[in-house]
Every structure is written in structure tokens, then in C-alpha cells.
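The block underneath contains the structure these notes are about, expressed in C-alpha cells.
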Amino acid sequence: MPSFTADLLRWFRRHRADLPWRRDSDPYRVWLSEIMLQQTQVAAVIPYYERFLRHFPNVQALAAAPLDEVLKLWEGLGYYSRARNLHRAAQAIVQEHGGRFPQAAAALEKLPGIGRYTAGAVASIAFGQPAPVVDGNVVRVLARLLDLPEDVTQAAVKAQLWQTASAWLPRERPGDYNQALMELGRVICKPRRPRCAACPVRRHCLAAAHGTQAQRPVKTPRAPVPHYDVTAGLIWDGAGRLLIAQRPPEGLLGGLWEFPGGKQEPGETLPQTLARELREELAIEVEVGDFLVRVKHAFTHFRITLHAYECRHVAGEPQALGVASFAWVTPDELDRYAFGKADQGVIAALRERPRRLL
């Protein structure tokens with residue numbers, strides 16, 4: 001292990017990427033970057049990270065901000081539960097810890113949105129604590145180093161990988177070691193076509209020795225991804241305003257705003273779906289008019305096609321039956337609200353052509 005660690009850290013010292021969150025070990029910045037990097041590529045995170053810091057330079061500023069403002073800055077980054085938990089954790093740090101981050105991984109793991117991996121990353125990088133990390137990149141690196149024939153999605157194998165990561169973790173420079181291991185997986189030990197010729201730890205890799213790199217890690221094939229047709233209504237009133245609705249605070253896209261509608265049920269036409277959903281969620285009747293746009297979007301475990309129609313409000317005062325809130329807004333006011341990516345596609349289509357008469 002000393003020679004493996006030395007090889008890995010030597011490579012990291014020479015080739016580490018110049019990323020904005022690596023310029024100091026401030027725990028707020030380390031934590032923010034780790035939350036943003038969950039299931040998101042580095043290149044996509046950088047502009048969000050820099051903009052977020054301009055608005056919320058410290059944990060106190062984030063804790064004091066309204067959630068709507070946090071969600072608006074997160075708009076487009078996806079996985080919005082991260083933003084909600086980020087806000088909740090900031091408030092807990094201020095209210096329960098006097099604005100200071102806990103240093104131990106076990107204490108960090110008690111904060112909203114911080115699991116074992118994130119706790120280990122913050123504890124080791126920001127505080128030099130000997131806490132291991134196991135993310136997707138590390139799983140791939142360890143599975144190849146050990147030439148693991150077992151399915152890495154199984155609980156027993158996951159536990160084995162955590163034990164290995166802990167056993168191999170050096171007590172000196174654990175933060176650099178963890179970052180080096182993750183970066184090795186990101187830029188060298190890639191899922192497809194790993195760059196074995198450039199790998200600084202190839203001499204330690206059993207998969208490289210056995211020629212099994214392409215077969216590691218072993219994973220259970222994913223089930224087919226379901227698809228749903230979903231409707232959305234651009235509901236106009238007589239004053240030229242649109243009705244938008246806020247999703248419930250928890251769950252998919254929680255707290256974001258949307259053009260109200262819902263999922264098509266068997267036997268329904270799309271206009272019938274839209275009229276029913278608006279009746280159930282907002283207690284209103286509409287006249288469904290022209291089709292506006294079709295937007296395809298993929299979530300983690302399913303895909304949707306969003307079908308947007310222009311509608312005219314004809315009866316009923318809106319009520320928040322299946323939504324958290326609602327608002328009548330002009331098209332120019334839409335930018336004040338945080339929308340998911342599919343609804344942003346609807347807004348773009350709305351602005352590309354004038355409103356049609358119903």
C-alpha cells in the first residue's frame with residue numbers, strides 16, 4: 001500500500017485539475033461542490049458553483065436566503081432535492097452548530113442531504129480527517145484494482161468496497177488521497193476505454209494484469225426505463241396573464257414552479273388528460289386550445305414527453321388542491337420563478353412565437 005499511495009499522490013500532485021473548489025479547504029466550499037457534483041459532470045457544475053458563491057458566499061448567507069431564491073439559482077442543474085437539503089443543512093449548521101461545520105464524518109452525516117460519501121469527502125478534504133469515500137468513480141477504480149468478479153451493486157460487495165477504501169486510506173493527507181482516487185476514475189479509469197497506458201497505478205491493477213478491464217466493474221443490467229406522456233396547460237386569463245403552480249415541497253422537483261397538468265391515463269386523449277388534471281389540482285375549468293410544443297425529458301428512473309397546450313380559463317377560482325401554491329403572472333414575470341428543464345422548454349417555445357387566439 002505505501003507504494004500504491006505514493007504512485008497515486010505523485011500523479012495527483014502533477015496532474016490535478018485546477019478546479020475552483022480546490023483553491024482552499026474552506027468546508028462551506030468543499031461541501032457545496034460535493035453536493036453539486038453528485039450525479040453531475042464537473043464542466044456543468046463550475047458555472048453554477050461560481051454563481052452560487054457570488055450570491056451566498058458563506059453558510060450564514062445561504063441559511064438566511066428564501067428557498068425560492070436558492071431553487072432559482074439551482075435552476076437547470078437538476079436533482080432539486082439537493083438544493084432543498086443544502087438549504088436545510090445550512091440552517092441546521094447555523095442554528096445547531098453556531099455556523100461552524102462539524103469536523104467528524106459521523107456528525108456531518110447527521111445533516112440533511114449528507115450521506116456517507118459526502119461526509120467522508122468534507123471531513124477528509126476540509127479537515128484532514130481519516131474518512132474514506134466511495135462514489136461511482138472509486139467503485140470502478142477499486143473493482144479494477146482488485147479485479148472483482150462480483151456484482152458491485154450488491155449490498156455485500158458495496159460493504160466490501162467501503163472496507164477496502166477504509167483499509168487503504170492513509171492517515172497522512174487523506175483528503176488529497178480521496179481526491180486523487182476520484183480523479184483517477186474520472187480522467188483515467190473511465191467506464192469505457194480506460195486509459196491504462198497513462199495510469200499511474202497500473203502496476204498495482206489486477207484487472208490490467210488479467211486483461212479484464214472492460215469487464216469490470218460487474219453490474220446488474222438496468223431494467224427498461226418507463227416512459228410517460230404528460231400534459232401542461234398555458235392557461236390565460238382575460239388580462240393576458242398565465243396561471244402557474246408550485247409543486248409540493250417534497251418529492252420530484254419539489255418546490256419548483258410549473259405549467260399545471262399531469263400524466264395521461266389509459267383511454268384519455270391528451271386534451272382530456274389536461275382538463276381532468278386541472279380540475280383535480282386547481283378546481284378550474286378550461287377550454288383546451290392550440291397545441292404549443294412537445295418537450296422530451298429524462299429523469300433518473302423514467303422519461304417523459306411533455307405536451308403543452310394553450311388554454312383559456314373559463315370557470316372556477318383556482319384552489320391549491322394538488323399543488324403547494326399558484327400565481328397569475330405575465331410572460332415577462334416568468335423569469336422570477338424557478339422551473340424544471342421541461343417547463344423551461346415550454347417557456348422557450350412560448351417566447352419564440354406570439355400567443356395564438358383560442
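Following the order of the C-alpha cells, chains are lettered A, B, ..., residues in each are numbered from 1, and ligands are numbered from 1.
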Alpha helix (DSSP H) per DSSP on the backbone: members of stretch 7-199 of chain A, as a PyMOL selection string: chain A and resi 7-15+27-37+42-55+59-64+67-74+81-97+105-108+116-127+136-145+155-168+174-187
Among listed residues A:Pro318, A:Gly262, A:Pro20, A:Gly113, nearest A:Thr231 (using only C-alpha atoms):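 Closest to A:Thr231 of all the choices is A:Gly262.
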Expected answer as a count of residues only: strand (DSSP E) residues in stretch 138-341 of chain A: 52
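With only C-alpha atoms taken into account, the protein and nucleic acid residues at most 8 Å from stretch 205-222 of chain A (excluding it and anything under 5 positions from it in its own chain) are Val139, Arg140, Ala143, Arg144, Leu145, Leu146, Asp147, Leu148, Pro149, Glu150, Asp151, Val152, Thr153, Arg192, Arg193, Pro194 and Cys196 of chain A.
Considering only C-alpha atoms, the residue among A:Tyr49, A:Tyr228, A:Ile188, A:Pro248 positioned nearest to A:Pro200 is A:Ile188.
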Residue neighbourhood A:Ser3, 12 Å, only C-alpha atoms, exclusion window fewer than 4 positions, as number ranges by chain: A: 7-10, 168, 170, 200-204
Nearest residue to A:Tyr177 from the set A:Ile235, A:Leu282, A:Ala165, A:Leu77 (distances using only C-alpha atoms): A:Ala165
Residue contacts of A:Lys263 (10 Å, only C-alpha atoms) excluding same-chain residues fewer than 2 positions away, as a PyMOL selection string: chain A and resi 228-232+261+265-266+270+273-274+277+304-306
What would the file look like if the residues just selected were written as a short mmCIF file (atom, residue, chain, number, x, y, z; two decimals), in the first residue's frame with N, CA and C atoms?
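What follows is the written file selection30.cif:
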```cif
data_model
loop_
_atom_site.label_atom_id
_atom_site.label_comp_id
_atom_site.auth_asym_id
_atom_site.auth_seq_id
_atom_site.Cartn_x
_atom_site.Cartn_y
_atom_site.Cartn_z
N TYR A 228 -43.61 8.14 -19.92
CA TYR A 228 -44.96 8.65 -19.65
C TYR A 228 -45.22 9.87 -20.52
N ASP A 229 -46.48 9.99 -20.97
CA ASP A 229 -46.93 11.21 -21.64
C ASP A 229 -47.58 12.10 -20.60
N VAL A 230 -47.14 13.35 -20.56
CA VAL A 230 -47.58 14.31 -19.55
C VAL A 230 -48.07 15.57 -20.25
N THR A 231 -49.10 16.18 -19.71
CA THR A 231 -49.65 17.41 -20.30
C THR A 231 -49.33 18.61 -19.43
N ALA A 232 -49.33 19.77 -20.06
CA ALA A 232 -49.15 21.05 -19.36
C ALA A 232 -50.01 22.10 -20.05
N GLY A 261 -50.68 20.57 -14.99
CA GLY A 261 -51.15 19.48 -15.84
C GLY A 261 -50.84 18.17 -15.15
N GLU A 265 -53.70 9.11 -18.54
CA GLU A 265 -54.20 7.81 -18.11
C GLU A 265 -54.70 7.03 -19.32
N PRO A 266 -54.76 5.70 -19.23
CA PRO A 266 -55.22 4.90 -20.37
C PRO A 266 -56.62 5.33 -20.83
N LEU A 270 -54.97 13.53 -24.93
CA LEU A 270 -54.16 14.49 -24.18
C LEU A 270 -54.98 15.69 -23.71
N THR A 273 -56.88 14.60 -20.68
CA THR A 273 -55.97 14.50 -19.53
C THR A 273 -55.76 15.87 -18.91
N LEU A 274 -55.47 16.85 -19.74
CA LEU A 274 -55.18 18.18 -19.23
C LEU A 274 -56.37 18.77 -18.50
N GLU A 277 -56.77 16.95 -15.10
CA GLU A 277 -55.74 17.29 -14.13
C GLU A 277 -55.95 18.70 -13.57
N ILE A 304 -40.14 11.30 -19.88
CA ILE A 304 -41.45 11.86 -20.18
C ILE A 304 -41.42 12.58 -21.52
N THR A 305 -42.59 12.68 -22.12
CA THR A 305 -42.82 13.64 -23.20
C THR A 305 -43.89 14.59 -22.70
N LEU A 306 -43.54 15.85 -22.58
CA LEU A 306 -44.45 16.87 -22.08
C LEU A 306 -45.14 17.54 -23.26
#
```
Nearest candidate to A:Tyr337 (options A:Leu67, A:Val59, A:Leu37, A:Val141; using only C-alpha atoms):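 Once distances to A:Tyr337 are computed over only C-alpha atoms, the minimum belongs to A:Leu67.
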Identify, on the basis of only C-alpha atoms, every residue whose closest approach to A:Ala90 does not exceed 9 Å; exclude the query and any residue fewer than 2 positions from it along the same chain; express the result as a short mmCIF file (atom, residue, chain, number, x, y, z; two decimals) with C-alpha atoms, in the first residue's frame.
```cif
data_model
loop_
_atom_site.label_atom_id
_atom_site.label_comp_id
_atom_site.auth_asym_id
_atom_site.auth_seq_id
_atom_site.Cartn_x
_atom_site.Cartn_y
_atom_site.Cartn_z
CA VAL A 59 -23.22 29.25 5.13
CA GLN A 60 -24.88 32.12 7.02
CA ALA A 61 -25.95 33.81 3.78
CA LEU A 62 -27.34 30.55 2.43
CA ALA A 63 -29.25 29.81 5.64
CA ALA A 64 -30.85 33.26 5.62
CA ASN A 85 -31.35 19.71 1.53
CA LEU A 86 -28.50 22.17 1.03
CA HIS A 87 -30.72 24.94 2.37
CA ARG A 88 -31.96 22.82 5.29
CA ALA A 92 -29.04 23.42 10.82
CA ILE A 93 -25.35 24.39 10.78
CA VAL A 94 -26.23 27.96 11.77
CA GLN A 95 -28.90 27.12 14.33
CA GLY A 99 -22.35 28.45 11.96
CA LEU A 111 -27.08 16.88 8.42
CA PRO A 112 -29.81 16.85 5.72
#
```
